[in-house]
>>> print(open('query_3.txt').read())   # compact mmCIF, C-alpha atoms and all ligand atoms
# COMPACT_ATOMS: atom_id res chain seq x y z
CA ARG K 1 -108.96 -77.57 -203.35
CA PRO K 2 -109.55 -76.34 -206.92
CA ASN K 3 -111.51 -73.08 -207.20
CA SER K 4 -111.43 -72.25 -203.47
CA GLY K 5 -109.77 -68.90 -204.17
CA LYS K 6 -106.06 -69.56 -203.55
CA SER K 7 -104.84 -67.41 -206.45
CA THR K 8 -107.27 -64.65 -205.48
CA LEU K 9 -105.75 -64.73 -201.98
CA LEU K 10 -102.21 -64.54 -203.35
CA ASN K 11 -103.24 -61.49 -205.40
CA ALA K 12 -104.91 -59.93 -202.34
CA PHE K 13 -101.71 -60.30 -200.30
CA LEU K 14 -99.57 -58.87 -203.09
CA GLY K 15 -101.96 -56.08 -204.02
CA TYR K 16 -101.81 -56.77 -207.74
CA GLN K 17 -103.04 -59.43 -210.15
CA ARG K 18 -100.02 -61.75 -210.15
CA ALA K 19 -101.83 -65.05 -210.58
CA VAL K 20 -104.51 -65.93 -213.08
CA VAL K 21 -107.90 -66.26 -211.45
CA SER K 22 -110.89 -67.89 -213.08
CA GLU K 23 -114.10 -69.64 -212.21
CA ILE K 24 -112.85 -72.80 -213.93
CA PRO K 25 -111.38 -75.28 -211.39
CA GLY K 26 -107.81 -76.28 -212.21
CA THR K 27 -106.67 -72.85 -213.38
CA THR K 28 -103.35 -72.89 -211.52
CA ARG K 29 -101.21 -75.77 -212.79
CA ASP K 30 -97.88 -74.93 -211.25
CA SER K 31 -97.00 -73.38 -207.90
CA ILE K 32 -96.26 -69.66 -207.94
CA ASP K 33 -94.18 -68.06 -205.23
CA GLU K 34 -93.86 -64.36 -204.55
CA THR K 35 -92.68 -62.23 -201.67
CA PHE K 36 -94.22 -59.20 -200.00
CA ILE K 37 -93.60 -57.17 -196.86
CA PHE K 38 -95.98 -57.34 -193.91
CA HIS K 39 -95.19 -55.48 -190.66
CA CYS K 40 -91.50 -55.21 -191.63
CA LYS K 41 -91.26 -58.94 -192.34
CA THR K 42 -90.61 -60.45 -195.74
CA ILE K 43 -93.15 -63.16 -196.36
CA MET K 44 -93.03 -65.69 -199.14
CA ILE K 45 -96.40 -66.90 -200.26
CA ILE K 46 -96.81 -69.96 -202.46
CA ASP K 47 -99.99 -70.39 -204.48
CA THR K 48 -100.49 -74.02 -205.39
CA ALA K 49 -102.56 -75.96 -207.85
CA GLY K 50 -105.75 -77.17 -206.21
CA ILE K 51 -105.47 -80.78 -205.04
CA ARG K 52 -108.15 -83.10 -206.41
CA ARG K 53 -109.29 -86.39 -205.07
CA GLU K 54 -106.86 -89.06 -206.14
CA SER K 55 -109.58 -91.00 -207.92
CA ARG K 56 -110.07 -88.01 -210.20
CA ILE K 57 -106.41 -87.60 -211.03
CA ASP K 58 -106.46 -89.15 -214.44
CA ASN K 59 -103.55 -87.59 -216.29
CA THR K 60 -99.90 -86.73 -215.83
CA ILE K 61 -100.47 -82.95 -215.67
CA GLU K 62 -102.71 -83.41 -212.67
CA TYR K 63 -100.36 -85.90 -211.11
CA TYR K 64 -97.44 -83.46 -211.26
CA ALA K 65 -99.64 -80.64 -210.00
CA LEU K 66 -100.29 -82.80 -206.93
CA VAL K 67 -96.59 -83.54 -206.49
CA ARG K 68 -95.75 -79.84 -206.68
CA SER K 69 -98.50 -78.91 -204.24
CA LYS K 70 -97.03 -81.42 -201.80
CA GLU K 71 -93.57 -79.91 -202.35
CA ALA K 72 -95.02 -76.48 -201.58
CA ILE K 73 -96.42 -77.82 -198.30
CA ASP K 74 -93.01 -79.26 -197.40
CA LYS K 75 -91.32 -75.97 -198.19
CA ALA K 76 -93.75 -73.84 -196.18
CA ASP K 77 -93.46 -72.79 -192.54
CA VAL K 78 -97.23 -72.49 -192.25
CA VAL K 79 -100.02 -73.93 -194.38
CA ILE K 80 -103.25 -72.08 -195.10
CA HIS K 81 -105.91 -74.61 -196.06
CA LEU K 82 -108.55 -72.71 -197.98
CA ILE K 83 -112.12 -74.00 -197.76
CA ASP K 84 -114.86 -72.69 -200.03
CA ALA K 85 -117.65 -71.39 -197.75
CA THR K 86 -120.28 -72.03 -200.41
CA SER K 87 -119.64 -75.79 -200.36
CA GLY K 88 -118.31 -76.26 -196.81
CA ILE K 89 -115.82 -79.00 -196.00
CA THR K 90 -115.92 -81.74 -198.63
CA GLU K 91 -114.38 -85.20 -199.01
CA THR K 92 -111.67 -83.58 -201.12
CA ASP K 93 -110.93 -81.13 -198.30
CA LYS K 94 -110.59 -84.03 -195.86
CA LYS K 95 -108.12 -85.69 -198.21
CA ILE K 96 -106.16 -82.46 -198.42
CA ALA K 97 -106.27 -82.09 -194.64
CA ASP K 98 -104.78 -85.59 -194.37
CA ILE K 99 -101.96 -84.64 -196.75
CA ILE K 100 -101.29 -81.48 -194.74
CA MET K 101 -101.36 -83.40 -191.47
CA GLU K 102 -98.79 -85.87 -192.73
CA SER K 103 -96.46 -82.90 -193.09
CA HIS K 104 -96.92 -81.82 -189.44
CA LYS K 105 -96.98 -78.18 -190.49
CA PRO K 106 -98.65 -75.48 -188.43
CA THR K 107 -101.95 -74.90 -190.22
CA VAL K 108 -104.76 -72.35 -190.36
CA LEU K 109 -108.14 -73.19 -191.87
CA ALA K 110 -109.48 -70.22 -193.81
CA ILE K 111 -113.11 -70.26 -194.89
CA ASN K 112 -113.07 -68.22 -198.09
CA LYS K 113 -115.88 -66.52 -200.05
CA TRP K 114 -117.49 -65.47 -196.78
CA ASP K 115 -118.99 -62.51 -198.70
CA LEU K 116 -121.35 -64.96 -200.42
CA ILE K 117 -122.85 -66.28 -197.18
CA GLU K 118 -126.12 -64.86 -195.86
CA LYS K 119 -125.29 -63.71 -192.38
CA ASP K 120 -126.86 -63.42 -189.00
CA HIS K 121 -125.01 -63.20 -185.69
CA LYS K 122 -124.75 -66.98 -185.35
CA THR K 123 -123.57 -67.84 -188.85
CA PHE K 124 -119.90 -68.31 -188.15
CA GLU K 125 -120.39 -70.43 -185.02
CA ASN K 126 -122.96 -72.60 -186.86
CA PHE K 127 -120.64 -72.94 -189.79
CA LYS K 128 -117.80 -73.96 -187.51
CA ASP K 129 -120.02 -76.54 -185.79
CA ARG K 130 -120.92 -78.07 -189.15
CA ILE K 131 -117.26 -78.27 -190.11
CA LEU K 132 -116.39 -79.98 -186.82
CA PHE K 133 -119.30 -82.38 -187.22
CA LYS K 134 -118.03 -83.44 -190.63
CA TYR K 135 -114.38 -83.32 -189.71
CA TYR K 136 -113.58 -83.37 -185.99
CA ARG K 137 -109.85 -82.82 -186.48
CA ALA K 138 -110.61 -79.30 -187.71
CA ALA K 139 -110.82 -78.47 -183.99
CA ASP K 140 -107.02 -78.74 -183.90
CA PHE K 141 -106.61 -75.62 -186.01
CA PRO K 142 -107.51 -71.93 -185.91
CA ILE K 143 -110.48 -71.28 -188.21
CA ILE K 144 -110.97 -67.84 -189.78
CA SER K 145 -113.64 -66.71 -192.22
CA ILE K 146 -112.29 -64.49 -194.99
CA SER K 147 -113.06 -63.05 -198.38
CA ALA K 148 -110.00 -63.03 -200.61
CA LEU K 149 -111.99 -61.10 -203.20
CA GLN K 150 -113.07 -58.33 -200.82
CA LYS K 151 -109.92 -58.58 -198.68
CA LEU K 152 -111.98 -59.30 -195.60
CA ARG K 153 -109.88 -60.41 -192.56
CA ILE K 154 -106.88 -61.29 -194.69
CA HIS K 155 -104.59 -59.39 -192.28
CA LYS K 156 -106.03 -61.34 -189.39
CA LEU K 157 -105.28 -64.52 -191.33
CA LEU K 158 -101.67 -63.46 -191.89
CA GLN K 159 -101.28 -62.42 -188.28
CA THR K 160 -102.53 -65.81 -187.12
CA ALA K 161 -100.21 -67.62 -189.54
CA LEU K 162 -97.23 -65.61 -188.26
CA GLU K 163 -98.17 -66.23 -184.64
CA ILE K 164 -98.40 -69.98 -184.95
CA ASN K 165 -95.16 -69.98 -186.92
CA THR K 166 -93.43 -68.19 -184.03
CA ARG K 167 -94.90 -70.58 -181.48
CA ALA K 168 -93.95 -73.65 -183.51
CA LYS K 169 -90.34 -72.48 -183.36
CA GLN K 170 -90.31 -72.16 -179.58
CA LYS K 171 -88.53 -74.59 -177.34
CA VAL K 172 -90.38 -75.31 -174.12
CA GLU K 173 -88.56 -75.98 -170.86
CA THR K 174 -88.38 -79.62 -169.91
CA SER K 175 -89.73 -78.94 -166.42
CA LYS K 176 -92.85 -77.30 -167.85
CA ILE K 177 -93.63 -80.28 -170.09
CA ASN K 178 -93.10 -82.72 -167.23
CA VAL K 179 -95.40 -80.80 -164.87
CA ILE K 180 -98.18 -80.90 -167.48
CA LEU K 181 -97.73 -84.64 -168.04
CA GLU K 182 -97.55 -85.39 -164.31
CA ASN K 183 -100.78 -83.50 -163.68
CA VAL K 184 -102.66 -85.15 -166.51
CA GLN K 185 -101.59 -88.59 -165.31
CA LYS K 186 -102.76 -87.81 -161.77
CA LYS K 187 -106.23 -86.96 -163.07
CA HIS K 188 -106.80 -90.50 -164.35
CA VAL K 189 -108.84 -89.33 -167.33
CA MET K 190 -109.45 -91.35 -170.45
CA PRO K 191 -107.61 -92.75 -172.33
CA LEU K 192 -104.94 -92.96 -169.62
CA ARG K 193 -107.30 -94.26 -166.95
CA GLY K 194 -107.16 -97.91 -166.08
CA GLU K 195 -104.09 -98.46 -168.21
CA ASP K 196 -100.68 -99.47 -167.00
CA LEU K 197 -98.99 -96.86 -169.13
CA LYS K 198 -96.68 -94.62 -167.14
CA ILE K 199 -94.84 -91.66 -168.56
CA TYR K 200 -91.66 -91.11 -166.58
CA TYR K 201 -90.04 -88.25 -168.35
CA ALA K 202 -90.45 -86.03 -171.41
CA THR K 203 -88.33 -83.47 -173.21
CA GLN K 204 -88.60 -81.45 -176.40
CA THR K 205 -85.93 -82.48 -178.87
CA ASN K 206 -86.88 -80.37 -181.90
CA THR K 207 -89.02 -77.47 -183.15
CA SER K 208 -91.17 -76.82 -186.25
CA PRO K 209 -92.75 -79.27 -185.71
CA PRO K 210 -92.20 -79.69 -182.01
CA VAL K 211 -90.89 -83.17 -181.27
CA ILE K 212 -91.50 -84.50 -177.77
CA ARG K 213 -89.44 -87.44 -176.64
CA LEU K 214 -91.19 -89.56 -174.02
CA PHE K 215 -89.80 -92.26 -171.78
CA VAL K 216 -92.49 -94.70 -170.73
CA ASN K 217 -92.76 -98.08 -169.03
CA LYS K 218 -94.50 -99.89 -171.91
CA PRO K 219 -94.15 -98.24 -175.32
CA GLU K 220 -96.69 -100.66 -176.81
CA LEU K 221 -99.42 -99.00 -174.70
CA PHE K 222 -98.74 -95.65 -176.35
CA ARG K 223 -101.56 -96.12 -178.84
CA LYS K 224 -103.09 -93.63 -181.24
CA ASP K 225 -105.77 -92.48 -178.80
CA VAL K 226 -103.15 -91.81 -176.12
CA SER K 227 -101.03 -89.90 -178.60
CA ARG K 228 -104.05 -87.81 -179.72
CA PHE K 229 -105.03 -87.12 -176.14
CA LEU K 230 -101.57 -85.99 -175.12
CA GLU K 231 -101.23 -83.89 -178.25
CA LYS K 232 -104.46 -82.06 -177.37
CA THR K 233 -103.41 -81.67 -173.73
CA LEU K 234 -100.04 -80.17 -174.64
CA GLN K 235 -101.52 -77.99 -177.40
CA GLN K 236 -103.91 -76.50 -174.89
CA ALA K 237 -101.45 -76.08 -172.06
CA LEU K 238 -98.68 -74.61 -174.23
CA ASN K 239 -100.83 -72.42 -176.48
CA TRP K 240 -99.92 -74.61 -179.45
CA HIS K 241 -103.31 -74.55 -181.14
CA GLY K 242 -102.78 -75.30 -184.85
CA ILE K 243 -99.35 -76.83 -184.24
CA PRO K 244 -99.10 -80.62 -184.65
CA ILE K 245 -96.80 -82.43 -182.23
CA VAL K 246 -94.58 -85.40 -183.05
CA PHE K 247 -94.01 -87.93 -180.27
CA GLU K 248 -91.00 -90.20 -180.04
CA VAL K 249 -91.61 -92.90 -177.50
CA SER K 250 -89.02 -95.13 -175.93
CA GLY K 251 -88.90 -97.59 -173.05
CA ARG K 252 -87.61 -96.74 -169.59
CA LYS K 253 -84.40 -94.72 -169.59
N1 LIG C 1 -117.35 -64.16 -204.06
C1 LIG C 1 -116.08 -64.54 -203.96
N2 LIG C 1 -115.48 -65.15 -205.00
C2 LIG C 1 -114.20 -65.51 -204.87
C3 LIG C 1 -113.45 -65.28 -203.68
N3 LIG C 1 -112.21 -65.76 -203.86
C4 LIG C 1 -112.18 -66.29 -205.10
N4 LIG C 1 -113.37 -66.13 -205.72
C5 LIG C 1 -113.74 -66.58 -207.07
O1 LIG C 1 -113.61 -67.99 -207.13
C6 LIG C 1 -113.12 -68.38 -208.42
C7 LIG C 1 -111.86 -69.19 -208.27
O2 LIG C 1 -110.82 -68.36 -207.78
P1 LIG C 1 -109.29 -68.73 -207.95
O3 LIG C 1 -108.51 -67.75 -207.12
O4 LIG C 1 -108.91 -68.86 -209.36
O5 LIG C 1 -109.28 -70.16 -207.24
P2 LIG C 1 -108.04 -71.17 -207.06
O6 LIG C 1 -108.18 -71.77 -205.71
O7 LIG C 1 -106.77 -70.48 -207.36
O8 LIG C 1 -108.38 -72.27 -208.14
P3 LIG C 1 -107.38 -73.31 -208.90
O9 LIG C 1 -106.20 -72.54 -209.38
O10 LIG C 1 -108.22 -73.81 -210.00
O11 LIG C 1 -107.03 -74.37 -207.92
C8 LIG C 1 -112.94 -67.10 -209.20
O12 LIG C 1 -114.09 -66.91 -209.98
C9 LIG C 1 -112.81 -66.03 -208.14
O13 LIG C 1 -113.23 -64.75 -208.55
C10 LIG C 1 -114.11 -64.61 -202.59
O14 LIG C 1 -113.57 -64.36 -201.52
N5 LIG C 1 -115.42 -64.27 -202.80
MG MG C 2 -105.35 -70.84 -208.73
>>> encode(input="query_3.txt", output="structure tokens")
Amino acid sequence: RPNSGKSTLLNAFLGYQRAVVSEIPGTTRDSIDETFIFHCKTIMIIDTAGIRRESRIDNTIEYYALVRSKEAIDKADVVIHLIDATSGITETDKKIADIIMESHKPTVLAINKWDLIEKDHKTFENFKDRILFKYYRAADFPIISISALQKLRIHKLLQTALEINTRAKQKVETSKINVILENVQKKHVMPLRGEDLKIYYATQTNTSPPVIRLFVNKPELFRKDVSRFLEKTLQQALNWHGIPIVFEVSGRK
């Protein structure tokens, strides 16, 4: 989102003023990529133009900025979605979250400008609750409060991004996935309860994003709520928080 502090964060990671920062939204027009070393790893960081709501994209410069921001998402292993703490999650942020989710990239939500928030011991939890209330899918992702300007928790942010990247590249044993799915079906919880859907067999066919191939009795019963539910179940059981899962469903083998 424009003005959330993306260029400031790039500069904080690099340790010098590489990108132009200003209080005027729309400062960065083209993506900038740079590399730096963190814990003996070379990391490429891409700073993008802030994405505006489509209704406000009224000229070609902004249109191409959007296209390039989407290209940056496609190129990335992990996406950091920066939210401005002073405004909280906005409609624009939800739009951006939708764009990120379409890409199925591992994602961290970073709440920036945390230095500007009056704090007591409950602030972060309250803030998180408000975000989840406005946007329940935020629960799918790690949420970290940071200050790009004061370099607060930016190492923790990087560490988290690296961790979910590593996990997204893992291949899980077929037996493990099948045990999880067997157990969840035995429990008869919603939305599986009372339905005739049966999952016979599952296997992981790809990584980053993980693709799970499922063989079921009636593919037409594999609706969105079932898919969501199984995604959450597997994310929890496999420590895949922040990592979207793609399901490929086919009829009985
Ligand atoms: N207090 C505070 N201000 C910040 C922080 N991060 C960025 N800012 C300020 O927020 C404004 C916007 O920062 P930028 O880094 O240019 O934001 P951006 O996301 O790159 O914006 P666009 O390029 O327009 O999309 C600047 O005035 C920054 O100094 C922060 O952590 N704390
Ligand atoms: Mg910028």
>>> residues_near_point(input="query_3.txt", point="(-104.5, -76.5, -189.8)", cutoff="9 Å", atoms="only C-alpha atoms", output="PyMOL selection string")
chain K and resi 78-81+97+100-101+105-110+137-143+241-244
>>> residues_near_ligand(input="query_3.txt", ligand="ligand MG 2 (chain C)", cutoff="9 Å", atoms="only C-alpha atoms and all ligand atoms", output="list in words")
Pro2, Asn3, Ser4, Gly5, Lys6, Ser7, Thr8, Leu10, Ala19, Val20, Val21, Ser22, Pro25, Gly26, Thr27, Thr28, Arg29, Asp30, Ser31, Asp47, Thr48, Ala49 and Gly50 of chain K
>>> residues_near_point(input="query_3.txt", point="(-99.6, -72.6, -177.8)", cutoff="9 Å", atoms="only C-alpha atoms", output="short mmCIF file (atom, residue, chain, number, x, y, z; two decimals) with C-alpha atoms, keeping the file's coordinate frame")
data_model
loop_
_atom_site.label_atom_id
_atom_site.label_comp_id
_atom_site.auth_asym_id
_atom_site.auth_seq_id
_atom_site.Cartn_x
_atom_site.Cartn_y
_atom_site.Cartn_z
CA ILE K 164 -98.40 -69.98 -184.95
CA ARG K 167 -94.90 -70.58 -181.48
CA ALA K 168 -93.95 -73.65 -183.51
CA LEU K 234 -100.04 -80.17 -174.64
CA GLN K 235 -101.52 -77.99 -177.40
CA GLN K 236 -103.91 -76.50 -174.89
CA ALA K 237 -101.45 -76.08 -172.06
CA LEU K 238 -98.68 -74.61 -174.23
CA ASN K 239 -100.83 -72.42 -176.48
CA TRP K 240 -99.92 -74.61 -179.45
CA HIS K 241 -103.31 -74.55 -181.14
CA GLY K 242 -102.78 -75.30 -184.85
CA ILE K 243 -99.35 -76.83 -184.24
#
>>> atom_distance(input="query_3.txt", atom1="atom N1 of ligand LIG 1 (chain C)", atom2="atom CA of K:Leu116")
5.5 Å
>>> atom_distance(input="query_3.txt", atom1="atom O13 of ligand LIG 1 (chain C)", atom2="atom CA of K:Arg130")
24.8 Å
>>> closest_residue(input="query_3.txt", among="K:Leu157, K:Ala148, K:Val179, K:Leu66", to="ligand LIG 1 (chain C)", atoms="only C-alpha atoms and all ligand atoms")
K:Ala148
>>> closest_residue(input="query_3.txt", among="K:Phe229, K:Tyr135, K:Trp114, K:Phe247", to="ligand LIG 1 (chain C)", atoms="only C-alpha atoms and all ligand atoms")
K:Trp114
>>> residues_around(input="query_3.txt", residues="K:Lys113", least_positions_apart="2", cutoff="8 Å", atoms="all atoms listed in the file", output="number ranges by chain")
K: 5, 84-86, 111, 115-117, 146-149
>>> atom_distance(input="query_3.txt", atom1="atom CA of K:Lys94", atom2="atom CA of K:Ile32")
23.6 Å
>>> closest_residue(input="query_3.txt", among="K:Ala65, K:Leu221, K:Leu214, K:Leu158", to="ligand LIG 1 (chain C)", atoms="only C-alpha atoms and all ligand atoms")
K:Ala65
>>> closest_residue(input="query_3.txt", among="K:Arg1, K:Asn59, K:Gly15, K:Tyr136", to="K:Asp93", atoms="only C-alpha atoms")
K:Arg1
>>> closest_residue(input="query_3.txt", among="K:Lys151, K:Lys171, K:His104, K:Lys41", to="ligand LIG 1 (chain C)", atoms="all atoms listed in the file")
K:Lys151
>>> closest_residue(input="query_3.txt", among="K:Ile73, K:Ile24, K:Ile180, K:Ile37", to="K:Ile99", atoms="all atoms listed in the file")
K:Ile73
>>> axis_aligned_box(input="query_3.txt", around="stretch 68-86 of chain K", padding_each_side="5 Å", output="lines of an AutoDock Vina configuration file")
center_x = -105.8
center_y = -76.4
center_z = -199.5
size_x = 39.0
size_y = 20.0
size_z = 24.4
